[in-house]
Amino acid sequence: MTERPTPVETTERPTPIETPAPPPTFERLLHMVEEMDTPDGFKAELIRGKIIVSPWSKLRYYRPMRALREQLGANAPEGHVADIAPFLFRFPQAERGYGPDLFVADESAFEADGRHADATALSLVAEFTSVSTKDADWQEKLEVYGQVVPVYLVVDMQESEITCFSDPSGHGYRSRRTVSFGKPLEVPEPFGFELDTAGLA
């Protein structure tokens, strides 16, 4: 006895096959950050392709931030300003968007209507570490800043030390120096001055 082939059931309507949605683009993520209604005291950044919301620094960080900002502002390159305003700087090649604790940047970067400044305007960034952000400051951001930003200062509030990275390249910073709070730190060009770190303690 010959077996009959199993009939194939057909429908007149095409059956959709669900496929996973593609991940959002860098520009879309930036737009999402712009539209976010972050709570007071929090900032949103693009880290490792994800939107990360973290609290702004604690009140006790204000004095060391101010002390550092005043010295950097007095020694900044011509046309550059030092500030702690909550602006996002975009790093399109790395698909990142960071809001540094403190930055020095070309003032002309803030004449545009958008909310995300170009990272190439930066001459210096400084991050004040906390328990929740320390890993990103020392790893993720170090790698990205090290290809674009002339000087990166990591103010390690847990270890009472400040590290100056400089001379960026395609493989990251080529120069590094660490001192304890209270000891002078040479901040290289385009600043070229000796930073008094006593006010960071």
# chains A, B, ... in the order shown; residues from 1 in each chain; ligands from 1
$ select_by_dssp --residues "stretch 36-132 of chain A" --states "helix (DSSP H, G or I)" --output "ChimeraX atom specification"
/A:59-74,107-110,119-121
$ residues_around --residues "stretch 132-139 of chain A" --least-positions-apart "5" --cutoff "9 Å" --atoms "only C-alpha atoms" --output "list in words"
Ile47, Ser54, Glu127, Val144, Val154 and Asp156 of chain A
$ write_last_selection --atoms "N, CA and C atoms" --output "compact mmCIF listing (two decimals), in the first residue's frame"
# COMPACT_ATOMS: atom_id res chain seq x y z
N ILE A 47 26.30 55.42 27.75
CA ILE A 47 27.48 54.64 28.15
C ILE A 47 27.29 53.21 27.67
N SER A 54 22.19 58.75 36.30
CA SER A 54 22.91 58.72 37.57
C SER A 54 22.77 60.05 38.29
N GLU A 127 36.41 64.30 35.90
CA GLU A 127 35.37 63.49 36.53
C GLU A 127 35.74 63.28 37.99
N VAL A 144 37.44 56.53 25.82
CA VAL A 144 36.82 57.43 24.84
C VAL A 144 37.48 58.81 24.87
N VAL A 154 41.09 62.80 36.50
CA VAL A 154 40.25 61.93 37.33
C VAL A 154 40.51 62.31 38.78
N ASP A 156 39.89 61.35 42.17
CA ASP A 156 39.46 60.15 42.90
C ASP A 156 39.16 60.54 44.35
$ select_by_dssp --residues "stretch 87-129 of chain A" --states "strand (DSSP E)" --output "JSON, numbers by chain"
{"A": [88, 89, 90, 91, 96, 97, 98, 102, 103, 104, 105, 106, 116, 117, 118, 122, 123, 124, 125, 126, 127, 128]}
$ write_last_selection --atoms "C-alpha atoms" --output "compact mmCIF listing (two decimals), in the first residue's frame"
# COMPACT_ATOMS: atom_id res chain seq x y z
CA LEU A 88 26.07 66.50 27.03
CA PHE A 89 29.07 66.18 24.71
CA ARG A 90 28.74 63.74 21.82
CA PHE A 91 31.47 61.36 20.67
CA ARG A 96 28.85 57.90 23.29
CA GLY A 97 27.39 60.99 24.94
CA TYR A 98 28.89 62.16 28.23
CA LEU A 102 33.56 69.64 34.93
CA PHE A 103 34.71 70.68 31.47
CA VAL A 104 36.74 73.30 29.65
CA ALA A 105 35.56 73.92 26.10
CA ASP A 106 35.56 76.43 23.27
CA HIS A 116 24.50 68.17 22.51
CA ALA A 117 27.86 69.89 22.07
CA ASP A 118 30.59 68.49 19.84
CA LEU A 122 36.72 70.17 24.65
CA SER A 123 40.21 71.03 25.85
CA LEU A 124 39.78 69.29 29.23
CA VAL A 125 37.30 67.16 31.15
CA ALA A 126 37.32 66.25 34.83
CA GLU A 127 35.37 63.49 36.53
CA PHE A 128 34.94 63.30 40.31
$ atom_distance --atom1 "atom CA of A:Gly192" --atom2 "atom CA of A:Val179"
16.9 Å
$ closest_residue --among "A:Glu140, A:Asp167, A:Glu159, A:Glu95" --to "A:Arg28" --atoms "only C-alpha atoms"
A:Glu95
$ residues_around --residues "A:His171" --least-positions-apart "4" --cutoff "9 Å" --atoms "only C-alpha atoms" --output "MDAnalysis selection string"
chainID A and resid 143 146:147
$ atom_distance --atom1 "atom CA of A:Arg48" --atom2 "atom CA of A:Ala94"
9.0 Å
$ atom_distance --atom1 "atom CA of A:Leu30" --atom2 "atom CA of A:Asp113"
14.7 Å
$ residues_around --residues "A:Arg176" --least-positions-apart "3" --cutoff "8 Å" --atoms "only C-alpha atoms" --output "ChimeraX atom specification"
/A:163-166,173
$ closest_residue --among "A:Phe87, A:Phe181, A:Phe26, A:Tyr61" --to "A:Ala201" --atoms "only C-alpha atoms"
A:Phe181
$ residues_around --residues "stretch 73-78 of chain A" --least-positions-apart "3" --cutoff "7 Å" --atoms "only C-alpha atoms" --output "list of chain:residue names"
A:Arg69, A:Glu70, A:Val81, A:Ala82, A:Pro190, A:Phe191
$ closest_residue --among "A:Ala85, A:Leu59, A:Glu194, A:Leu185" --to "A:Phe110" --atoms "only C-alpha atoms"
A:Ala85
$ residues_around --residues "A:Pro23" --least-positions-apart "5" --cutoff "12 Å" --atoms "only C-alpha atoms" --output "PyMOL selection string"
chain A and resi 28-29+49-50
$ closest_residue --among "A:Tyr152, A:Tyr145, A:Arg66, A:Phe193" --to "A:Thr178" --atoms "only C-alpha atoms"
A:Tyr152
$ closest_residue --among "A:Gln93, A:Ser160, A:Ser169, A:Thr25" --to "A:Gly199" --atoms "only C-alpha atoms"
A:Ser160
